[in-house]
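S.K.: Input file: final20.txt. Contents: compact mmCIF, C-alpha atoms and all ligand atoms.
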```
# COMPACT_ATOMS: atom_id res chain seq x y z
CA MET A 1 15.70 -2.70 10.68
CA PRO A 2 13.48 -1.16 8.03
CA ARG A 3 10.38 -3.12 7.22
CA LEU A 4 10.13 -3.45 3.48
CA GLU A 5 6.79 -2.97 1.88
CA GLU A 6 4.87 -2.71 -1.31
CA GLY A 7 5.60 -0.44 -4.19
CA THR A 8 3.28 0.48 -6.97
CA ALA A 9 5.23 -1.87 -9.22
CA ARG A 10 5.47 -4.88 -6.94
CA ALA A 11 3.26 -6.13 -4.21
CA THR A 12 5.03 -7.78 -1.31
CA ALA A 13 2.45 -7.21 1.36
CA ARG A 14 3.33 -7.97 4.92
CA ASN A 15 0.20 -9.73 5.98
CA PRO A 16 -0.83 -9.41 9.58
CA ALA A 17 -1.96 -12.38 11.60
CA PRO A 18 -5.53 -13.20 10.58
CA ALA A 19 -6.58 -12.65 14.19
CA GLN A 20 -5.42 -9.05 13.94
CA ALA A 21 -7.52 -8.42 10.83
CA GLU A 22 -10.52 -10.00 12.58
CA GLU A 23 -9.98 -7.78 15.61
CA ARG A 24 -10.10 -4.75 13.36
CA MET A 25 -13.28 -6.02 11.71
CA ALA A 26 -14.86 -6.36 15.15
CA GLU A 27 -13.78 -2.82 15.99
CA PHE A 28 -15.25 -1.61 12.68
CA HIS A 29 -18.58 -3.30 13.41
CA ALA A 30 -18.67 -1.83 16.91
CA GLN A 31 -18.07 1.65 15.52
CA LEU A 32 -20.72 1.23 12.83
CA LYS A 33 -23.20 0.25 15.49
CA GLU A 34 -22.31 3.34 17.53
CA ARG A 35 -23.04 5.45 14.47
CA GLY A 36 -26.33 3.73 13.88
CA LEU A 37 -25.03 2.20 10.64
CA LYS A 38 -25.51 -1.37 9.55
CA SER A 39 -22.66 -3.47 8.29
CA THR A 40 -23.33 -4.44 4.71
CA GLY A 41 -21.79 -7.27 2.71
CA GLN A 42 -19.98 -4.84 0.41
CA ARG A 43 -18.67 -2.71 3.26
CA ASP A 44 -17.43 -5.82 5.03
CA ASP A 45 -15.73 -7.15 1.91
CA ILE A 46 -13.92 -3.86 1.40
CA ALA A 47 -12.84 -3.54 5.03
CA ARG A 48 -11.74 -7.18 5.21
CA VAL A 49 -9.60 -6.89 2.06
CA PHE A 50 -8.12 -3.64 3.30
CA PHE A 51 -7.20 -5.03 6.73
CA ALA A 52 -5.81 -8.23 5.22
CA LEU A 53 -3.63 -6.45 2.65
CA HIS A 54 -2.32 -4.15 5.31
CA ARG A 55 -0.22 -1.78 3.28
CA HIS A 56 -0.20 1.74 1.81
CA ILE A 57 -2.85 1.25 -0.82
CA SER A 58 -4.59 3.71 -3.13
CA ALA A 59 -8.37 3.62 -3.61
CA GLU A 60 -7.84 2.33 -7.17
CA GLU A 61 -5.58 -0.50 -5.99
CA LEU A 62 -8.04 -1.46 -3.28
CA TYR A 63 -10.85 -1.38 -5.87
CA ALA A 64 -8.91 -3.85 -8.04
CA GLU A 65 -8.29 -6.16 -5.05
CA VAL A 66 -11.91 -6.07 -3.86
CA LYS A 67 -13.14 -6.80 -7.41
CA LYS A 68 -11.38 -10.16 -7.20
CA ILE A 69 -13.65 -11.33 -4.39
CA ASN A 70 -16.77 -9.23 -5.09
CA PRO A 71 -17.21 -7.98 -8.67
CA HIS A 72 -20.37 -6.06 -7.74
CA VAL A 73 -18.60 -3.47 -5.60
CA GLY A 74 -18.42 -0.06 -7.23
CA TYR A 75 -15.66 2.49 -6.92
CA ALA A 76 -17.93 4.96 -5.08
CA THR A 77 -18.56 2.37 -2.37
CA ILE A 78 -14.81 1.82 -1.99
CA TYR A 79 -14.31 5.52 -1.58
CA ARG A 80 -17.18 5.92 0.88
CA THR A 81 -16.02 2.96 2.95
CA LEU A 82 -12.47 4.31 3.16
CA ARG A 83 -13.88 7.61 4.36
CA LEU A 84 -15.95 5.79 6.95
CA LEU A 85 -12.94 3.79 8.13
CA LYS A 86 -11.06 7.05 8.44
CA GLU A 87 -13.84 8.58 10.54
CA CYS A 88 -13.63 5.50 12.77
CA ASP A 89 -9.88 6.12 13.19
CA LEU A 90 -9.11 2.75 11.64
CA VAL A 91 -7.34 4.20 8.62
CA TYR A 92 -4.68 6.83 8.06
CA GLU A 93 -4.78 8.76 4.83
CA ARG A 94 -1.34 9.63 3.46
CA HIS A 95 -0.40 12.03 0.72
CA PHE A 96 3.13 11.28 -0.32
CA ASP A 97 4.73 13.90 -2.54
CA GLU A 98 1.32 15.29 -3.55
CA GLY A 99 0.52 11.94 -5.13
CA GLN A 100 -2.85 10.24 -4.91
CA ALA A 101 -4.09 9.45 -1.43
CA ARG A 102 -2.82 6.21 0.07
CA TYR A 103 -4.45 4.45 2.96
CA GLU A 104 -2.89 2.41 5.70
CA VAL A 105 -4.24 0.61 8.72
CA ALA A 106 -4.21 2.89 11.75
CA GLY A 107 -3.29 1.95 15.28
CA GLU A 108 0.09 0.54 14.39
CA HIS A 109 3.02 1.82 16.38
CA HIS A 110 4.43 5.07 15.05
CA HIS A 111 6.66 4.95 11.98
CA ASP A 112 7.93 7.23 9.25
CA HIS A 113 8.21 6.64 5.52
CA PHE A 114 10.79 6.53 2.76
CA ILE A 115 9.27 6.80 -0.72
CA CYS A 116 11.19 5.77 -3.85
CA GLU A 117 10.81 8.45 -6.50
CA ARG A 118 11.34 5.97 -9.30
CA CYS A 119 9.20 2.92 -8.47
CA GLY A 120 6.99 4.30 -5.71
CA ARG A 121 8.08 1.69 -3.18
CA ILE A 122 7.40 2.68 0.39
CA ILE A 123 9.75 1.65 3.19
CA GLU A 124 8.67 2.18 6.76
CA PHE A 125 11.26 3.06 9.34
CA GLU A 126 11.62 4.40 12.83
CA ASN A 127 14.63 6.08 14.26
CA GLU A 128 14.83 6.90 17.95
CA ALA A 129 17.40 9.65 17.44
CA ILE A 130 15.06 11.46 15.02
CA GLU A 131 12.15 11.08 17.43
CA ARG A 132 14.23 12.44 20.33
CA LEU A 133 15.56 15.30 18.22
CA GLN A 134 12.02 16.45 17.51
CA GLN A 135 11.38 16.74 21.23
CA THR A 136 14.55 18.81 21.54
CA VAL A 137 13.32 21.13 18.79
CA ALA A 138 9.92 21.39 20.46
CA ARG A 139 11.53 22.34 23.79
CA GLU A 140 13.65 24.98 22.07
CA LEU A 141 10.58 26.41 20.37
CA GLY A 142 8.53 26.24 23.56
CA VAL A 143 5.84 24.22 21.82
CA THR A 144 4.20 20.89 22.43
CA LEU A 145 3.92 18.41 19.59
CA SER A 146 0.79 16.46 18.75
CA HIS A 147 2.16 14.47 15.83
CA HIS A 148 4.54 14.69 12.91
CA LYS A 149 5.05 13.42 9.38
CA MET A 150 8.54 12.48 8.27
CA GLU A 151 8.89 11.60 4.60
CA LEU A 152 12.21 10.87 2.97
CA TYR A 153 12.49 10.66 -0.82
CA GLY A 154 15.10 9.13 -3.08
CA LEU A 155 16.02 5.84 -4.75
CA CYS A 156 15.29 2.49 -3.12
CA PRO A 157 18.02 -0.21 -3.06
CA ASP A 158 16.59 -1.97 -6.16
CA CYS A 159 16.40 1.23 -8.19
CA ARG A 160 19.91 2.21 -7.05
CA ALA A 161 21.18 -1.13 -8.28
CA ARG A 162 19.50 -0.58 -11.65
CA ALA A 163 20.68 3.03 -11.98
ZN ZN B 201 12.58 2.09 -6.37
ZN ZN B 202 3.24 3.37 6.93
```
Please re-express this file's structure in structure tokens.
M.R.:
Amino acid sequence: MPRLEEGTARATARNPAPAQAEERMAEFHAQLKERGLKSTGQRDDIARVFFALHRHISAEELYAEVKKINPHVGYATIYRTLRLLKECDLVYERHFDEGQARYEVAGEHHHDHFICERCGRIIEFENEAIERLQQTVARELGVTLSHHKMELYGLCPDCRARA
């Protein structure tokens, strides 16, 4: 079953259990400490909003969300914090169709993405046959795989219905 997610037009976030978001915050704090960095109120606000929203979000969208709870946070701080989260392996940066960077919480089980070319909606999916086939290709090529990115593009069910 595909797990439906947000688009740029509509926001139907699948929120994780609060405990999960708190776990990630704890991990973030541990990593900051390792790097000799302090956790700041702004950094924490940004990370907490990001972990709670839990979807493929652009820096601008995250900025708008964080503004709702802390109007003092600047865009540069959002950007820097996302970069820091990425360095801590807590965030994946995605570039769908050469669009703006989108960020999603790392450490989830592997999945691939369908992106609607009309409304920007992102649908996550996983398909065992596709995963297995990649191993077959790797064997044939005599290579080992470290990771892959599978992105499918087209019209989502809603946009198909409207077309
Ligand atoms: Zn669509
Ligand atoms: Zn995803």
S.K.: Could you report the residues within 7 Å of ligand ZN 202 (chain B), using all atoms listed in the file, as a VMD selection string?
M.R.: chain A and resid 56 104 111 to 113 124
S.K.: I'd like the interatomic distance between CA of Val105 in chain A and CA of Ser146 in chain A, to a tenth of an Å.
M.R.: 19.4 Å
S.K.: Find the distance between CA of Gly142 in chain A and CA of His109 in chain A and write it in Å to one decimal.
M.R.: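 Taking CA of Gly142 in chain A as the start and CA of His109 in chain A as the end point, the length is 26.0 Å.
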S.K.: In Å, rounded to a single decimal, give me how far CA of Ala59 in chain A is from CA of Ile123 in chain A.
M.R.: 19.5 Å
S.K.: Using all atoms listed in the file, find each protein or nucleic acid residue lying at most 10 Å from ligand ZN 201 (chain B); present the set as a list in words.
M.R.: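 Result of the 10 Å neighbour search around ligand ZN 201 (chain B): Gly7, Thr8, Ala9, Arg10, Ile115, Cys116, Glu117, Arg118, Cys119, Gly120, Arg121, Ile122, Ile123, Gly154, Leu155, Cys156, Pro157, Asp158, Cys159, Arg160, Ala161, Arg162 and Ala163 of chain A.
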S.K.: List every residue of range 61-130 of chain A that has an atom at most 12 Å from any atom of range 17-29 of chain A, giving for each one its closest atom pair and the distance in Å to one decimal, counting all atoms listed in the file, sorted by chain and then by ascending residue number, as a Markdown table.
M.R.:
```
| residue | atom | partner | partner_atom | distance |
| --- | --- | --- | --- | --- |
| A:Thr81 | CA | A:Phe28 | CA | 10.8 |
| A:Leu82 | CA | A:Phe28 | CA | 11.6 |
| A:Leu84 | CA | A:Phe28 | CA | 9.4 |
| A:Leu85 | CA | A:Phe28 | CA | 7.4 |
| A:Lys86 | CA | A:Phe28 | CA | 10.5 |
| A:Glu87 | CA | A:Phe28 | CA | 10.5 |
| A:Cys88 | CA | A:Phe28 | CA | 7.3 |
| A:Asp89 | CA | A:Phe28 | CA | 9.4 |
| A:Leu90 | CA | A:Phe28 | CA | 7.6 |
| A:Val91 | CA | A:Arg24 | CA | 10.5 |
| A:Val105 | CA | A:Arg24 | CA | 9.2 |
| A:Ala106 | CA | A:Arg24 | CA | 9.8 |
| A:Gly107 | CA | A:Arg24 | CA | 9.7 |
| A:Glu108 | CA | A:Gln20 | CA | 11.1 |
```
S.K.: List the neighbours of Ile130 in chain A out to 12 Å using all atoms listed in the file; skip same-chain residues closer than 6 positions along the sequence, and give me the result as a CSV table (one decimal) with C-alpha atoms, in the frame of the given file.
M.R.:
```
chain,number,residue,atom,x,y,z
A,111,HIS,CA,6.7,5.0,12.0
A,112,ASP,CA,7.9,7.2,9.2
A,136,THR,CA,14.6,18.8,21.5
A,137,VAL,CA,13.3,21.1,18.8
A,148,HIS,CA,4.5,14.7,12.9
A,149,LYS,CA,5.0,13.4,9.4
A,150,MET,CA,8.5,12.5,8.3
```
S.K.: Would you mind listing what lies within 10 Å of Asp45 in chain A as a list in words, with only C-alpha atoms counted and same-chain residues fewer than 5 positions away left out?
M.R.: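 Final neighbour list, sorted by chain and number: Thr40, Phe50, Val66, Lys67, Ile69, Asn70, Val73 and Ile78 of chain A.
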S.K.: So that I have them on file, write out the residues from the current selection with C-alpha atoms, as a PDB file, in the frame of the given file.
M.R.:
```pdb
ATOM      1  CA  THR A  40     -23.330  -4.440   4.710  1.00  0.00           C
ATOM      2  CA  PHE A  50      -8.120  -3.640   3.300  1.00  0.00           C
ATOM      3  CA  VAL A  66     -11.910  -6.070  -3.860  1.00  0.00           C
ATOM      4  CA  LYS A  67     -13.140  -6.800  -7.410  1.00  0.00           C
ATOM      5  CA  ILE A  69     -13.650 -11.330  -4.390  1.00  0.00           C
ATOM      6  CA  ASN A  70     -16.770  -9.230  -5.090  1.00  0.00           C
ATOM      7  CA  VAL A  73     -18.600  -3.470  -5.600  1.00  0.00           C
ATOM      8  CA  ILE A  78     -14.810   1.820  -1.990  1.00  0.00           C
TER       9      ILE A  78
END
```
S.K.: With all atoms listed in the file as the counted atoms, please give the residues lying no more than 12 Å from Arg83 in chain A, apart from itself and same-chain residues fewer than 6 positions off, as an MDAnalysis selection string.
M.R.: chainID A and resid 43 46:47 59 76:77 89:93 101:103
S.K.: Filtering to C-alpha atoms, could you give me those residues as a PDB file, in the coordinates of the input?
M.R.:
```pdb
ATOM      1  CA  ARG A  43     -18.670  -2.710   3.260  1.00  0.00           C
ATOM      2  CA  ILE A  46     -13.920  -3.860   1.400  1.00  0.00           C
ATOM      3  CA  ALA A  47     -12.840  -3.540   5.030  1.00  0.00           C
ATOM      4  CA  ALA A  59      -8.370   3.620  -3.610  1.00  0.00           C
ATOM      5  CA  ALA A  76     -17.930   4.960  -5.080  1.00  0.00           C
ATOM      6  CA  THR A  77     -18.560   2.370  -2.370  1.00  0.00           C
ATOM      7  CA  ASP A  89      -9.880   6.120  13.190  1.00  0.00           C
ATOM      8  CA  LEU A  90      -9.110   2.750  11.640  1.00  0.00           C
ATOM      9  CA  VAL A  91      -7.340   4.200   8.620  1.00  0.00           C
ATOM     10  CA  TYR A  92      -4.680   6.830   8.060  1.00  0.00           C
ATOM     11  CA  GLU A  93      -4.780   8.760   4.830  1.00  0.00           C
ATOM     12  CA  ALA A 101      -4.090   9.450  -1.430  1.00  0.00           C
ATOM     13  CA  ARG A 102      -2.820   6.210   0.070  1.00  0.00           C
ATOM     14  CA  TYR A 103      -4.450   4.450   2.960  1.00  0.00           C
TER      15      TYR A 103
END
```
S.K.: In the coordinates of the file, take the point (-12.6, 0.3, -7.0) and a cut-off of 7 Å; then, counting all atoms listed in the file, name each qualifying protein, DNA or RNA residue as JSON, numbers by chain.
M.R.: {"A": [59, 60, 62, 63, 64, 74, 75, 78]}
S.K.: Between A:Phe96, A:Glu140, A:Arg80, A:His147, which residue has the minimum interatomic distance to His110 in chain A, considering all atoms listed in the file?
M.R.: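 Answer, going by the shortest atom-to-atom distance: A:His147.
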